[in-house]
Structures are given as C-alpha cells and as structure tokens.
Amino acid sequence: MTDLNKLNVPKTLVMVGMMGAGKTAIGRRIAARLDLSFIDADDEIAKAAGCSIEDIFERHGESAFRDGERRVIERLLASPKHVLATGGGAFIDPETRSRILESCVSVWLRVEVDVLWRRVKRRNDRPLLKTAAPYETIVSLVEQRYPVYAEADITVDSIDGPAEDTVDRVLCAVKAYLDREDREGSNV
Ligand code: S3P
C-alpha cells in the first residue's frame with residue numbers, strides 16, 4: 001500500500017455520487033493517505049451562507065442552493081490542489097460538471113440503490129428526501145443521475161464493508177487512470 005500512499009495526483013481529486021455514497025467519509029481518508037487537504041463543498045456552502053443546507057433549501061429553495069453551490073465550487077476549484085467531496089447534485093449541474101472534467105480528476109462512488117437507502121434513511125436532514133415517498137425519490141434520482149455521474153473520469157463501486165477497502169480501490173483506480181493518461185500523453 002505504501003506505493004499508493006505516495007501517489008502523486010497532479011490535480012484536485014473530486015468525489016461525486018449520490019447522497020449516502022460515502023463521498024465525505026472516503027474523500028477524507030483519501031486526503032489523509034495522500035497527504036492532501038480535504039474540503040467538503042456542502043460545509044463551504046453552509047459557511048458562505050451562514051446557515052445549514054437544510055435552512056438554505058427551506059428559506060430560499062433549491063434553485064438558490066444550486067446557484068450558491070455552483071459559485072462555491074468554482075471558487076474551490078481555483079484553490080490549490082486538494083480532495084473535494086461534492087454534494088450529490090453538484091456534478092449534475094452542466095457548468096460545474098464541465099469545470100470538474102476540465103481541471104480535476106473525478107471519481108464516481110457508485111452504490112446500489114438499496115445500500116444508499118439503508119444509509120440515508122437513518123437521517124432526516126436531506127432536503128431532497130423530505131417527500132411523501134423518499135425511497136421512490138432515491139430510485140428516481142438514481143435513474144436520472146447515474147448516466148451523468150458515469151461521465152466522471154473514474155467509477156468505483158462502493159459496497160458495504162471497511163472504508164479503507166474502498167479507499168484502496170479508489171487509489172488503485174486513480175493510479176491506473178493516471179498511468180493510462182501518461183501513456184496516452186506520451187504517444188501523442
Ligand atoms: C444533494 C445532496 C446533499 C446536499 C443537498 C443536495 C443532492 O449532499 O448537497 O442536500 O442534490 O443530492 P450529500 O450528497 O453530501 O448528501
């Protein structure tokens with residue numbers, strides 16, 4: 001594993017995927033392993049707004065949240081290289097997605113819908129799931145979003161189990177991606 005910890009990721013590593021995919025938990029561990037700083041975009045949005053994500057949705061609505069999310073992520077992408085966990089809808093925004101695809105290495109943590117549901121139903125603070133039928137909401141978000149998340153540079157399946165196993169699999173996949181980029185770059 002020592003090799004993987006020394007991996008030199010040349011750009012910001014962005015975690016994308018659904019709520020409950022583990023973007024923050026896994027991203028934080030990856031940052032520690034690579035000796036990079038870790039930033040959670042939702043925390044930064046809440047900080048900039050001076051209130052919680054729930055409050056932003058309640059007081060101003062989803063579209064105001066998305067505007068703030070786009071602005072905050074644009075600023076974060078301009079800051080020095082780090083590991084960034086994005087909220088589940090961030091990569092779905094065309095502008096944010098193209099910025100991430102242009103200047104970062106993106107990793108989609110793909111999780112089966114029933115595993116997501118098991119994780120998210122324990123908490124009640126996700127504005128998009130405050131619906132009459134939250135399971136159906138998750139299923140429908142997965143259907144809409146998975147084809148878009150698939151545009152990320154790297155896809156890693158995340159299953160229930162020790163977080164460090166998923167971290168190892170992400171680092172292996174990032175290494176393979178960077179090696180491939182190097183090879184293709186040197187063939188040009
Ligand atoms: C959202 C996911 C949340 C948060 C907001 C909207 C989404 O972040 O950004 O509630 O659209 O899926 P997490 O993915 O970190 O839960």
# chains A, B, ... in the order shown; residues from 1 in each chain; ligands from 1
$ closest_atom_pairs --of "chain A" --to "ligand 1" --cutoff "6 Å" --atoms "only C-alpha atoms and all ligand atoms" --output "tab-separated table"
residue	atom	partner	partner_atom_place_in_ligand_line	distance
A:Met18	CA	ligand 1	14 (O)	5.3
A:Met19	CA	ligand 1	14 (O)	3.3
A:Asp42	CA	ligand 1	9 (O)	5.6
A:Gly87	CA	ligand 1	8 (O)	3.5
A:Gly88	CA	ligand 1	12 (O)	3.4
A:Gly89	CA	ligand 1	11 (O)	3.6
A:Arg126	CA	ligand 1	10 (O)	4.9
A:Pro127	CA	ligand 1	10 (O)	5.3
$ write_last_selection --atoms "C-alpha atoms" --output "PDB file, in the first residue's frame"
ATOM      1  CA  MET A  18     -25.372  10.218  -4.631  1.00  0.00           C
ATOM      2  CA  MET A  19     -26.076  11.220  -1.060  1.00  0.00           C
ATOM      3  CA  ASP A  42     -21.528  21.404   1.397  1.00  0.00           C
ATOM      4  CA  GLY A  87     -22.918  17.245  -2.775  1.00  0.00           C
ATOM      5  CA  GLY A  88     -24.957  14.735  -4.786  1.00  0.00           C
ATOM      6  CA  GLY A  89     -26.386  17.294  -7.202  1.00  0.00           C
ATOM      7  CA  ARG A 126     -31.585  15.746   3.483  1.00  0.00           C
ATOM      8  CA  PRO A 127     -33.942  18.276   1.928  1.00  0.00           C
TER       9      PRO A 127
END
$ residues_around --residues "Ser103 of chain A" --least-positions-apart "5" --cutoff "10 Å" --atoms "only C-alpha atoms" --output "ChimeraX atom specification"
/A:11-13,77-78,98
$ residues_around --residues "segment 138-152 of chain A" --least-positions-apart "6" --cutoff "7 Å" --atoms "only C-alpha atoms" --output "list in words"
Gly17, Phe91, Ile92, Ser106, Val107, Trp108 and Val113 of chain A
$ write_last_selection --atoms "N, CA and C atoms" --output "CSV table (one decimal), in the first residue's frame"
chain,number,residue,atom,x,y,z
A,17,GLY,N,-21.2,11.6,-6.7
A,17,GLY,CA,-22.1,10.5,-6.4
A,17,GLY,C,-23.2,10.9,-5.6
A,91,PHE,N,-22.4,17.6,-9.5
A,91,PHE,CA,-21.9,17.2,-10.8
A,91,PHE,C,-23.0,17.1,-11.9
A,92,ILE,N,-24.2,17.2,-11.4
A,92,ILE,CA,-25.4,17.1,-12.4
A,92,ILE,C,-25.5,18.5,-13.1
A,106,SER,N,-11.9,13.2,-11.5
A,106,SER,CA,-13.2,12.9,-10.8
A,106,SER,C,-13.4,11.5,-10.6
A,107,VAL,N,-14.0,11.1,-9.4
A,107,VAL,CA,-14.2,9.8,-9.0
A,107,VAL,C,-15.7,9.6,-8.7
A,108,TRP,N,-16.4,8.8,-9.4
A,108,TRP,CA,-17.8,8.5,-9.0
A,108,TRP,C,-17.8,7.3,-8.1
A,113,VAL,N,-28.8,1.1,-5.1
A,113,VAL,CA,-29.8,2.0,-4.5
A,113,VAL,C,-30.3,1.5,-3.2
$ closest_atom_pairs --of "segment 52-155 of chain A" --to "segment 173-186 of chain A" --cutoff "9 Å" --atoms "only C-alpha atoms" --output "tab-separated table"
residue	atom	partner	partner_atom	distance
A:Val105	CA	A:Val174	CA	8.2
A:Val107	CA	A:Val174	CA	8.1
A:Asp153	CA	A:Tyr177	CA	7.9
A:Ile154	CA	A:Ala173	CA	7.0
A:Thr155	CA	A:Ala173	CA	8.1
$ write_last_selection --atoms "N, CA, C and O atoms" --output "PDB file, in the first residue's frame"
ATOM      1  N   VAL A 105      -9.385  15.452 -11.436  1.00  0.00           N
ATOM      2  CA  VAL A 105      -9.616  14.013 -11.619  1.00  0.00           C
ATOM      3  C   VAL A 105     -10.880  13.698 -10.823  1.00  0.00           C
ATOM      4  O   VAL A 105     -10.949  13.982  -9.623  1.00  0.00           O
ATOM      5  N   VAL A 107     -13.953  11.146  -9.418  1.00  0.00           N
ATOM      6  CA  VAL A 107     -14.215   9.753  -9.047  1.00  0.00           C
ATOM      7  C   VAL A 107     -15.683   9.614  -8.661  1.00  0.00           C
ATOM      8  O   VAL A 107     -16.146  10.290  -7.728  1.00  0.00           O
ATOM      9  N   ASP A 153     -14.255  10.705 -14.579  1.00  0.00           N
ATOM     10  CA  ASP A 153     -13.078  10.029 -15.137  1.00  0.00           C
ATOM     11  C   ASP A 153     -12.992   8.576 -14.677  1.00  0.00           C
ATOM     12  O   ASP A 153     -12.512   7.713 -15.411  1.00  0.00           O
ATOM     13  N   ILE A 154     -13.407   8.344 -13.435  1.00  0.00           N
ATOM     14  CA  ILE A 154     -13.197   7.031 -12.812  1.00  0.00           C
ATOM     15  C   ILE A 154     -14.484   6.625 -12.102  1.00  0.00           C
ATOM     16  O   ILE A 154     -15.125   7.467 -11.456  1.00  0.00           O
ATOM     17  N   THR A 155     -14.854   5.353 -12.209  1.00  0.00           N
ATOM     18  CA  THR A 155     -16.001   4.840 -11.452  1.00  0.00           C
ATOM     19  C   THR A 155     -15.505   3.747 -10.513  1.00  0.00           C
ATOM     20  O   THR A 155     -14.777   2.845 -10.936  1.00  0.00           O
TER      21      THR A 155
END
$ closest_residue --among "A:Asp93, A:Asn124, A:Asp165, A:Ala132" --to "Ser63 of chain A" --atoms "only C-alpha atoms"
A:Asp93
$ closest_residue --among "A:Cys104, A:Phe38, A:Gly20, A:Ile56" --to "Leu129 of chain A" --atoms "only C-alpha atoms"
A:Gly20
$ select_by_dssp --residues "chain A" --states "helix (DSSP H, G or I)" --output "MDAnalysis selection string"
chainID A and resid 2:5 23:34 41:49 53:60 62:77 90:92 94:103 113:120 127:129 134:149 163:187
